[in-house]
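Undergrad: Could you have a look at this structure, given as structure tokens, before my questions?
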Amino acid sequence: MLLDDKSVYLMRLGDNALVLSQRLSEWCGKGPAFEEDMALTNTALDLIGQARMWLSYAGEVEGRGRDEDALAFRRDSHEFTNLLLVEQPNGDYAHTLVRQFFFDVWHQLTLDALTRSSDDRIADIASKAIKEVAYHLRRSSDLVVRLGDGTAESRRRMQDAVDALWMYTGEMFKADETEELLGAQGLACDPSTLKDAWLAMVREVFAEATLTVPDSEWMQKGGKQGRHGEHLGLLLAEMQFLQRAYPNASW
Amino acid sequence: MYAQMVDTGMKRVQGLDEMSAEERAFQEKIDAGIKIEAKDWMPEGYRRTLIRQISQHAHSEIVGQLPEGNWVTRAPTLKRKAILLAKIQDEAGHGLYLYSAAETLGVTRDQVYADLLSGKVKYSSIFNYPTTNWADIGTVGWLVDGAAIMNQIPLCRCSYGPYSRAMVRVCKEESFHQRQGYDLVMAMAKGTPEQKAMAQDALNRWWWPALMMFGPSDGESVHSAQSMQWKIKILSNDELRQKFVDQTVPQAEYLGLTIPDPDLKWNEDTGHYDFGEIDWEEFRQVVAGNGPCNRDRLRTRVKAWEDGEWFRDALLAHAEKKSERQVATAKAA
Ligand SMILES: [Fe+2]
Ligand SMILES: [Fe+2]
Ligand SMILES: [Fe+2]
């Protein structure tokens with residue numbers, strides 16, 4: 001039971017990093033400025049590295065012989081456990097950045113808690129990842145400020161993105177039994193404890209960015225339990241193509 | 001090469017006795033192997049030629065992200081995906097160092113880039129070919145980065161300091177890309193029959209365009225002779241192409257792949273491989289804009305630039321607001 005919960009939890013961490021990395025890599029060579037192309041690729045690369053660490057560990061704990069690639073390329077969308085936020089399409093650059101910012105704040109808080117995990121390997125992966133994520137957050141929060149408080153058009157685009165993505169943020173803090181259990185054991189972090197800090201950071205950045213925090217309370221949920229929207233299936237069809245078409249090949 | 005057929009604007013190469021005192025001193029410095037730095041005097045032709053050459057090279061690095069980006073979302077393992085992302089990031093970085101090197105010659109990156117988007121300045125013909133199967137990604141690393149290194153290693157010794165230093169940095173990363181590309185092709189050439197067929201198909205499609213990267217024979221070209229006198233071109237196109245063929249044939253043999261050239265054979269007398277005729281009409285057409293992907297590549301970059309305009313405008317607007325606020329606070333204090 002405990003092993004199951006632990007591998008489920010590790011897979012969630014890996015799936016978030018993997019799916020967001022996949023989305024960012026769709027921008028490859030098409031960013032709005034050279035520096036953004038570099039930064040997007042760099043962030044995608046950091047996240048793929050983190051996905052590999054989490055998924056490898058998840059596969060080991062699960063004990064069914066699945067490695068990082070079996071988990072990434074041979075599961076269907078209902079078996080993916082990423083947050084709905086990270087599977088949302090790139091949209092314009094404002095959507096990509098707001099999605100990144102919402103995720104980065106949560107990611108930083110989560111990893112910070114995980115550096116104190118009772119499981120050494122989790123603490124170790126989190127300590128490596130948090131250095132990269134601190135940089136992601138510095139970059140995304142800085143850009144949110146500059147684009148929110150930029151031109152009338154950039155503010156409108158940013159506010160549209162905030163309004164569109166807001167309903168995917170609630171799920172980040174909704175603990176399920178797995179997270180409550182592992183949280184109580186000091187192995188994982190109970191996400192409901194992160195909500196106030198997340199909101200405080202978002203409010204602070206939005207105040208400087210002259211953006212409005214939406215007051216709508218209705219939130220989508222289900223990603224962690226494998227209930228996704230229509231976009232994830234297409235993302236996986238593309239990502240998994242070679243492994244599915246040539247199942248006996250090694251690459 | 002990444003910079004192909006660079007026009008020097010010269011009608012013929014001048015001898016030392018026909019030069020002004022300044023020009024002669026400049027040429028003597030080059031002949032003595034002394035590097036020219038950004039602040040040094042240089043002939044206008046040298047400056048303009050270098051701007052063309054360096055910006056073509058930079059554009060190639062930037063456009064070169066597109067054929068590779070075509071497969072980054074479909075890489076078959078997480079490790080291969082990470083390697084490809086890292087390579088693409090390196091190429092974007094090469095583009096940036098090279099634009100900075102061009103800027104030392106008195107142009108701005110935005111001006112130079114506008115010439116790419118308007119189609120006035122080219123990038124390497126090689127990036128106008130499509131990547132249609134996963135083995136293409138390895139083949140591009142092996143052949144395209146391989147050909148680029150052939151050209152760029154000698155350029156590490158070129159006469160212009162900022163360019164030669166950029167080349168030193170770039171070459172280290174390019175050889176890494178080439179090794180990783182070869183490793184990918186190896187995995188496929190030693191893999192299932194389908195994988196081996198993909199590797200062979202990729203080699204069939206990339207071999208001749210890779211040879212075209214070096215450009216037509218220099219022959220009587222005034223531009224090549226002038227560039228060599230200025231030491232911004234070190235070896236002739238044919239010399240570089242021959243070195244590339246000699247290096248690559250045994251690598252293909254080791255993979256068990258066949259180079260698509262019936263005339264390719266070892267020549268005992270010359271100690272080099274003889275190879276078949278290159279289709280220079282295809283090359284001219286690709287350079288003129290009629291390759292399989294020219295329009296798509298340029299359209300993609302133009303669209304990215306136009307879609308990004310609001311983003312760049314907003315960053316400028318924010319920076320202005322910020323400095324106005326600083327001035328206002330300073331006044332109030
Ligand atoms: Fe490069
Ligand atoms: Fe290069
Ligand atoms: Fe390269």
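Residues in the structure tokens are named by chain (A, B, ... in the order shown) and by number from 1 within that chain; ligands are numbered from 1 in the order shown.
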Write down as a ChimeraX atom specification the residues of region 14-122 of chain B whose backbone DSSP state falls under alpha helix (DSSP H).
TA: /B:21-31,44-63,65-72,78-103,109-117
Undergrad: Kindly provide, as a list in words, the residues of chain B having any atom no farther than 6 Å from an atom of chain A, counting only C-alpha atoms.
TA: Gln65, Leu66, Gly69, Thr73, Arg74, Pro76, Thr77, Ala82, Gln89, Ala187, Ala304, Trp305, Gly308, Ala314, Ala317 and His318 of chain B
Undergrad: Leaving out Met213 (chain B) and any residue of its chain fewer than 6 positions from it, which residues lie within 9 Å of it when counting only C-alpha atoms, given as a list in words?
TA: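 Returned residues: Met1, Tyr2, Ala3, Gln4, Ser124, Ser125, Ile126, Val144, Ala147, Ala148, Arg241 and Phe283 of chain B.
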Undergrad: Among region 203-286 of chain B, which residues carry a DSSP assignment of strand (DSSP E or B), reported as a short mmCIF file (atom, residue, chain, number, x, y, z; two decimals) with N, CA and C atoms, in the first residue's frame?
TA:
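Result saved to states.cif:
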```cif
data_model
loop_
_atom_site.label_atom_id
_atom_site.label_comp_id
_atom_site.auth_asym_id
_atom_site.auth_seq_id
_atom_site.Cartn_x
_atom_site.Cartn_y
_atom_site.Cartn_z
N LYS B 265 35.20 6.01 -54.96
CA LYS B 265 36.17 4.93 -54.73
C LYS B 265 37.52 5.49 -54.30
N TRP B 266 38.24 4.65 -53.59
CA TRP B 266 39.55 5.04 -53.06
C TRP B 266 40.53 5.16 -54.21
N ASN B 267 41.29 6.22 -54.23
CA ASN B 267 42.30 6.41 -55.28
C ASN B 267 43.69 6.28 -54.66
N HIS B 272 43.28 9.84 -51.77
CA HIS B 272 41.97 10.41 -51.40
C HIS B 272 40.88 9.59 -52.07
N TYR B 273 39.64 9.83 -51.64
CA TYR B 273 38.51 9.23 -52.34
C TYR B 273 38.14 10.08 -53.54
N ASP B 274 37.89 9.42 -54.67
CA ASP B 274 37.26 10.10 -55.80
C ASP B 274 35.76 10.03 -55.59
#
```
Undergrad: Extract, using only C-alpha atoms, all DNA, RNA and protein residues at most 10 Å from region 244-251 of chain B, discarding same-chain residues fewer than 2 positions from it, and format them as a ChimeraX atom specification.
TA: /B:142-143,146-151,182,207,210-211,214,238-242,253-259,264-266,271-275
Undergrad: Contacts of Arg24 (chain B) at 12 Å or less, counting only C-alpha atoms, minus same-chain residues fewer than 4 places along, as a PyMOL selection string?
TA: chain B and resi 14-20+28-31+41-43+230
Undergrad: Give as JSON, numbers by chain the residues surrounding ligand 1 up to a distance of 9 Å, considering only C-alpha atoms and all ligand atoms.
TA: {"B": [57, 58, 60, 61, 62, 64, 87, 88, 90, 91, 92, 93, 94, 95, 145, 148, 170, 171, 173, 174, 177]}
Undergrad: Using only C-alpha atoms, which protein or nucleic acid residues come within 12 Å of Tyr57 (chain A)? Drop anything in the same chain fewer than 3 positions from it, and give the result as a PyMOL selection string.
TA: chain A and resi 3+6-14+50-54+60-68+71+119-122+124-125
Undergrad: Can you tell me, as a PyMOL selection string, what residues are no more than 12 Å from Glu220 (chain B) when counting only C-alpha atoms, ignoring any on the same chain fewer than 2 positions away?
TA: chain B and resi 11-13+216-218+222-226+236
Undergrad: Would you mind exporting N, CA, C and O atoms of the selected residues as an mmCIF file, in the first residue's frame?
TA:
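Saved result, out12.cif, follows:
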```cif
data_model
loop_
_atom_site.group_PDB
_atom_site.id
_atom_site.type_symbol
_atom_site.label_atom_id
_atom_site.label_comp_id
_atom_site.auth_asym_id
_atom_site.auth_seq_id
_atom_site.Cartn_x
_atom_site.Cartn_y
_atom_site.Cartn_z
ATOM 1 N N LYS B 11 36.446 43.589 -57.372
ATOM 2 C CA LYS B 11 36.495 43.163 -58.773
ATOM 3 C C LYS B 11 37.757 42.340 -59.033
ATOM 4 O O LYS B 11 37.804 41.480 -59.875
ATOM 5 N N ARG B 12 38.824 42.684 -58.323
ATOM 6 C CA ARG B 12 40.034 41.862 -58.399
ATOM 7 C C ARG B 12 40.850 42.089 -57.131
ATOM 8 O O ARG B 12 40.632 43.070 -56.411
ATOM 9 N N VAL B 13 41.762 41.155 -56.889
ATOM 10 C CA VAL B 13 42.567 41.252 -55.671
ATOM 11 C C VAL B 13 43.743 42.191 -55.923
ATOM 12 O O VAL B 13 44.436 42.071 -56.924
ATOM 13 N N PRO B 216 30.437 25.788 -54.428
ATOM 14 C CA PRO B 216 31.066 25.374 -55.685
ATOM 15 C C PRO B 216 32.583 25.560 -55.625
ATOM 16 O O PRO B 216 33.081 26.304 -54.783
ATOM 17 N N SER B 217 33.287 24.917 -56.542
ATOM 18 C CA SER B 217 34.739 25.112 -56.646
ATOM 19 C C SER B 217 35.061 26.595 -56.667
ATOM 20 O O SER B 217 34.386 27.349 -57.347
ATOM 21 N N ASP B 218 36.128 26.975 -55.958
ATOM 22 C CA ASP B 218 36.477 28.396 -55.948
ATOM 23 C C ASP B 218 36.974 28.836 -57.312
ATOM 24 O O ASP B 218 36.731 29.947 -57.745
ATOM 25 N N VAL B 222 37.130 35.676 -57.605
ATOM 26 C CA VAL B 222 37.837 36.816 -57.012
ATOM 27 C C VAL B 222 37.530 36.886 -55.519
ATOM 28 O O VAL B 222 38.386 37.178 -54.695
ATOM 29 N N HIS B 223 36.262 36.595 -55.190
ATOM 30 C CA HIS B 223 35.848 36.706 -53.786
ATOM 31 C C HIS B 223 36.625 35.738 -52.902
ATOM 32 O O HIS B 223 37.080 36.097 -51.823
ATOM 33 N N SER B 224 36.798 34.504 -53.391
ATOM 34 C CA SER B 224 37.547 33.526 -52.599
ATOM 35 C C SER B 224 38.992 33.968 -52.441
ATOM 36 O O SER B 224 39.568 33.894 -51.352
ATOM 37 N N ALA B 225 39.580 34.444 -53.545
ATOM 38 C CA ALA B 225 40.985 34.858 -53.489
ATOM 39 C C ALA B 225 41.146 36.031 -52.521
ATOM 40 O O ALA B 225 42.069 36.068 -51.707
ATOM 41 N N GLN B 226 40.214 36.985 -52.607
ATOM 42 C CA GLN B 226 40.289 38.140 -51.705
ATOM 43 C C GLN B 226 40.119 37.701 -50.243
ATOM 44 O O GLN B 226 40.865 38.133 -49.370
ATOM 45 N N SER B 236 40.403 26.158 -49.467
ATOM 46 C CA SER B 236 39.452 26.284 -50.575
ATOM 47 C C SER B 236 38.267 25.341 -50.344
ATOM 48 O O SER B 236 38.354 24.375 -49.584
#
```
Undergrad: Pick out the closest residue to ligand 2 from this set: B:Pro193, B:Gly141, B:Gly219, B:Pro262. Count only C-alpha atoms and all ligand atoms.
TA: B:Gly141
Undergrad: For ligand 2, which residue out of B:Ile36, B:Val72, B:Cys293, B:Ile54 is the nearest one, using only C-alpha atoms and all ligand atoms?
TA: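 Closest to ligand 2 of all the choices is B:Ile54.
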